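Working notes, beginning with the structure itself.
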Amino acid sequence: GRTLLLKSRLPMSMYTIGDICLRGDTTPHDAEVGKQWLQHAAENGYARAQLCLGHTYLRSETSTPEQKQCGVKWIRFAAEQGLVEAYIPLALMYQHGTIIPVNLAEALHWFKKAGDANNPHAQHMLGMMYEQGEGVEVNMKTAIKWYSQAASQGYTKSVEALTRLSQRGENAARIALLTQVSSGDDRSGGSALPAGTTAAEDSCTTTITTMTSTT
């Protein structure tokens, strides 16, 4: 039971129980019980539980401002442990000032960590920041590099960005597009999150994106 799990400090098991309670797959949906289990797992250092716990605070309509700040804290803890799925939500919050003050340097830092982990959404966001000079000096070469990496995974928005830049006369963008065509890559869109995440994790970035109304 709960006492045995707490004594044995099995955070992965605690997280699993919490996720099941939140989703209601095999038990009646019980958000409060699920959050309690996630809290236990998060406090024991389990990064996925930290991300999901942070998300439950952020998406709850009854969360106080202090609880939403707590949600940001848990997502940052998960990101600092190297959980790639936490990078983009954290970056978006810093970029748009959702709950926490705008900090474009932090946003760039976390987008870059996700981009270096080959996340096409982050790569596209980096392309936008370098193209628009958001928190950095405008650097079209770097922007096209990030757009190209996302486009190589079939990320549609980055393909569209390269097309737009090519039509504007950016030769590097035209070359990147030709490379995409010659590679025969016909995928329609990259995934913003790695496969194998839970329903709560998968909706985390969606929730933050909706809150920030990002492009």
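We name chains A, B, ... following the order of the structure tokens; residues begin at 1 in each chain, and ligands are numbered from 1 as shown.
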Name all residues at most 7 Å from Ala47 (chain A) (count only C-alpha atoms; drop same-chain ones fewer than 3 positions away) and give them as a list in words. Ala42, Gln50, Leu51, Ala78, Gln81 and Leu83 of chain A
May I have the residues from that selection written out with N, CA and C atoms, as a compact mmCIF listing (two decimals), in the first residue's frame?
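File produced: again_14.txt:
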```txt
# COMPACT_ATOMS: atom_id res chain seq x y z
N ALA A 42 7.63 13.40 -6.94
CA ALA A 42 8.40 14.60 -7.25
C ALA A 42 9.36 14.95 -6.13
N GLN A 50 7.80 15.42 -11.49
CA GLN A 50 7.94 16.86 -11.31
C GLN A 50 7.29 17.62 -12.45
N LEU A 51 7.51 17.16 -13.68
CA LEU A 51 6.90 17.80 -14.84
C LEU A 51 5.37 17.71 -14.77
N ALA A 78 12.42 19.57 -13.11
CA ALA A 78 12.48 18.48 -14.09
C ALA A 78 13.45 18.83 -15.21
N GLN A 81 17.03 18.47 -14.29
CA GLN A 81 17.47 17.07 -14.22
C GLN A 81 17.70 16.48 -15.61
N LEU A 83 15.28 16.38 -18.18
CA LEU A 83 14.09 15.82 -18.84
C LEU A 83 13.74 16.72 -20.02
```
As a ChimeraX atom specification, please: every residue in region 6-210 of chain A that a backbone DSSP assignment puts in helix (DSSP H, G or I). /A:6-8,11-23,31-43,47-59,65-80,84-96,104-116,120-132,140-151,156-167,171-183,199-210
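You can rank A:Glu32, A:Glu66, A:Glu137, A:Glu43 by their closest distance to Met12 (chain A) using only C-alpha atoms, and at the top of that list sits A:Glu43.
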Between A:Asn119, A:Ala172, A:Gly154, A:Thr163, which one has atoms that come closest to Met140 (chain A), using only C-alpha atoms? A:Ala172
Would you list the contacts of Leu165 (chain A) as a PyMOL selection string, taking every protein, DNA or RNA residue within 9 Å and counting only C-alpha atoms, but skipping same-chain residues closer than 6 positions in sequence? chain A and resi 144+171-174
Expected file contents, prior selection, C-alpha atoms, as a PDB file, in the first residue's frame:
```pdb
ATOM      1  CA  ILE A 144      18.220  29.224 -41.308  1.00  0.00           C
ATOM      2  CA  ASN A 171      20.194  31.996 -50.789  1.00  0.00           C
ATOM      3  CA  ALA A 172      20.971  29.763 -47.811  1.00  0.00           C
ATOM      4  CA  ALA A 173      17.244  29.152 -47.340  1.00  0.00           C
ATOM      5  CA  ARG A 174      16.868  28.247 -51.009  1.00  0.00           C
TER       6      ARG A 174
END
```
Compile the contact shell of region 175-180 of chain A as a ChimeraX atom specification: residues with an atom at most 10 Å away, counting only C-alpha atoms, same-chain residues fewer than 3 positions apart removed. /A:144-145,147-149,151-154,159-160,162-163,166,170-172,183-186
Take the residues just selected and output them with N, CA, C and O atoms as a short mmCIF file (atom, residue, chain, number, x, y, z; two decimals), in the first residue's frame.
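Ended up saving to selection.cif:
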```cif
data_model
loop_
_atom_site.label_atom_id
_atom_site.label_comp_id
_atom_site.auth_asym_id
_atom_site.auth_seq_id
_atom_site.Cartn_x
_atom_site.Cartn_y
_atom_site.Cartn_z
N ILE A 144 18.42 30.21 -40.25
CA ILE A 144 18.22 29.22 -41.31
C ILE A 144 18.76 27.86 -40.88
O ILE A 144 18.16 26.82 -41.20
N LYS A 145 19.84 27.87 -40.11
CA LYS A 145 20.37 26.59 -39.62
C LYS A 145 19.33 25.86 -38.78
O LYS A 145 19.07 24.66 -38.97
N TYR A 147 16.00 26.44 -38.64
CA TYR A 147 14.84 26.10 -39.48
C TYR A 147 15.13 24.84 -40.29
O TYR A 147 14.27 23.97 -40.44
N SER A 148 16.33 24.75 -40.81
CA SER A 148 16.69 23.61 -41.66
C SER A 148 16.68 22.30 -40.87
O SER A 148 16.24 21.26 -41.37
N GLN A 149 17.17 22.36 -39.62
CA GLN A 149 17.18 21.15 -38.80
C GLN A 149 15.76 20.68 -38.52
O GLN A 149 15.48 19.48 -38.54
N ALA A 151 13.09 21.46 -40.39
CA ALA A 151 12.49 21.07 -41.67
C ALA A 151 12.95 19.68 -42.10
O ALA A 151 12.18 18.94 -42.73
N SER A 152 14.17 19.31 -41.74
CA SER A 152 14.68 17.99 -42.12
C SER A 152 13.89 16.88 -41.43
O SER A 152 13.94 15.73 -41.85
N GLN A 153 13.16 17.24 -40.37
CA GLN A 153 12.30 16.27 -39.70
C GLN A 153 10.84 16.41 -40.15
O GLN A 153 9.94 15.82 -39.57
N GLY A 154 10.63 17.22 -41.18
CA GLY A 154 9.30 17.39 -41.71
C GLY A 154 8.45 18.40 -40.95
O GLY A 154 7.23 18.39 -41.08
N VAL A 159 9.52 24.49 -42.80
CA VAL A 159 9.54 24.43 -44.27
C VAL A 159 8.94 25.72 -44.82
O VAL A 159 9.48 26.32 -45.77
N GLU A 160 7.83 26.16 -44.24
CA GLU A 160 7.19 27.40 -44.69
C GLU A 160 8.10 28.60 -44.45
O GLU A 160 8.16 29.52 -45.28
N LEU A 162 11.42 28.59 -44.39
CA LEU A 162 12.49 28.54 -45.39
C LEU A 162 11.98 28.99 -46.75
O LEU A 162 12.69 29.69 -47.49
N THR A 163 10.76 28.61 -47.09
CA THR A 163 10.17 29.04 -48.36
C THR A 163 10.03 30.56 -48.39
O THR A 163 10.37 31.21 -49.39
N SER A 166 13.45 32.10 -48.71
CA SER A 166 13.98 31.88 -50.05
C SER A 166 13.36 32.88 -51.04
O SER A 166 14.06 33.46 -51.88
N GLU A 170 16.98 34.98 -49.64
CA GLU A 170 18.00 34.35 -48.79
C GLU A 170 18.48 33.07 -49.47
O GLU A 170 17.77 32.06 -49.50
N ASN A 171 19.68 33.12 -50.01
CA ASN A 171 20.19 32.00 -50.79
C ASN A 171 20.36 30.74 -49.94
O ASN A 171 20.10 29.62 -50.40
N ALA A 172 20.78 30.92 -48.68
CA ALA A 172 20.97 29.76 -47.81
C ALA A 172 19.65 29.03 -47.58
O ALA A 172 19.62 27.80 -47.48
N SER A 183 16.29 15.17 -50.69
CA SER A 183 16.35 14.07 -49.72
C SER A 183 15.10 13.20 -49.79
O SER A 183 15.07 12.10 -49.25
N GLY A 184 14.04 13.75 -50.43
CA GLY A 184 12.80 12.99 -50.55
C GLY A 184 12.05 12.84 -49.26
O GLY A 184 11.24 11.94 -49.10
N ASP A 185 12.32 13.75 -48.31
CA ASP A 185 11.65 13.69 -47.01
C ASP A 185 10.24 14.21 -47.15
O ASP A 185 10.02 15.39 -47.35
N ASP A 186 9.25 13.32 -47.03
CA ASP A 186 7.85 13.72 -47.22
C ASP A 186 7.05 13.67 -45.93
O ASP A 186 5.83 13.55 -45.95
#
```
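Distances from A:Ala161, A:Val72, A:Leu108, A:Ile17 to Pro89 (chain A) were compared using only C-alpha atoms, and the smallest one belongs to A:Val72.
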Report as a list in words all protein, DNA and RNA residues lying within 9 Å of Tyr94 (chain A), evaluated on only C-alpha atoms, omitting residues in the same chain fewer than 2 positions from it. Pro89, Leu90, Ala91, Leu92, His96, Gly97, Thr98, Ile99, Ile100, Pro101, Val102, Asn103, Leu104, Ala105, Glu106, Ala107 and Leu108 of chain A
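Separating CA of Arg59 (chain A) from CA of Gln39 (chain A) is a distance of 15.9 Å.
Nearest to Ser60 (chain A) of all the residues A:Gly18, A:Tyr155, A:Lys35, A:Arg48 is A:Lys35, counting only C-alpha atoms.
From CA of Gly54 (chain A) back to CA of Ile75 (chain A), the distance works out to 5.3 Å.
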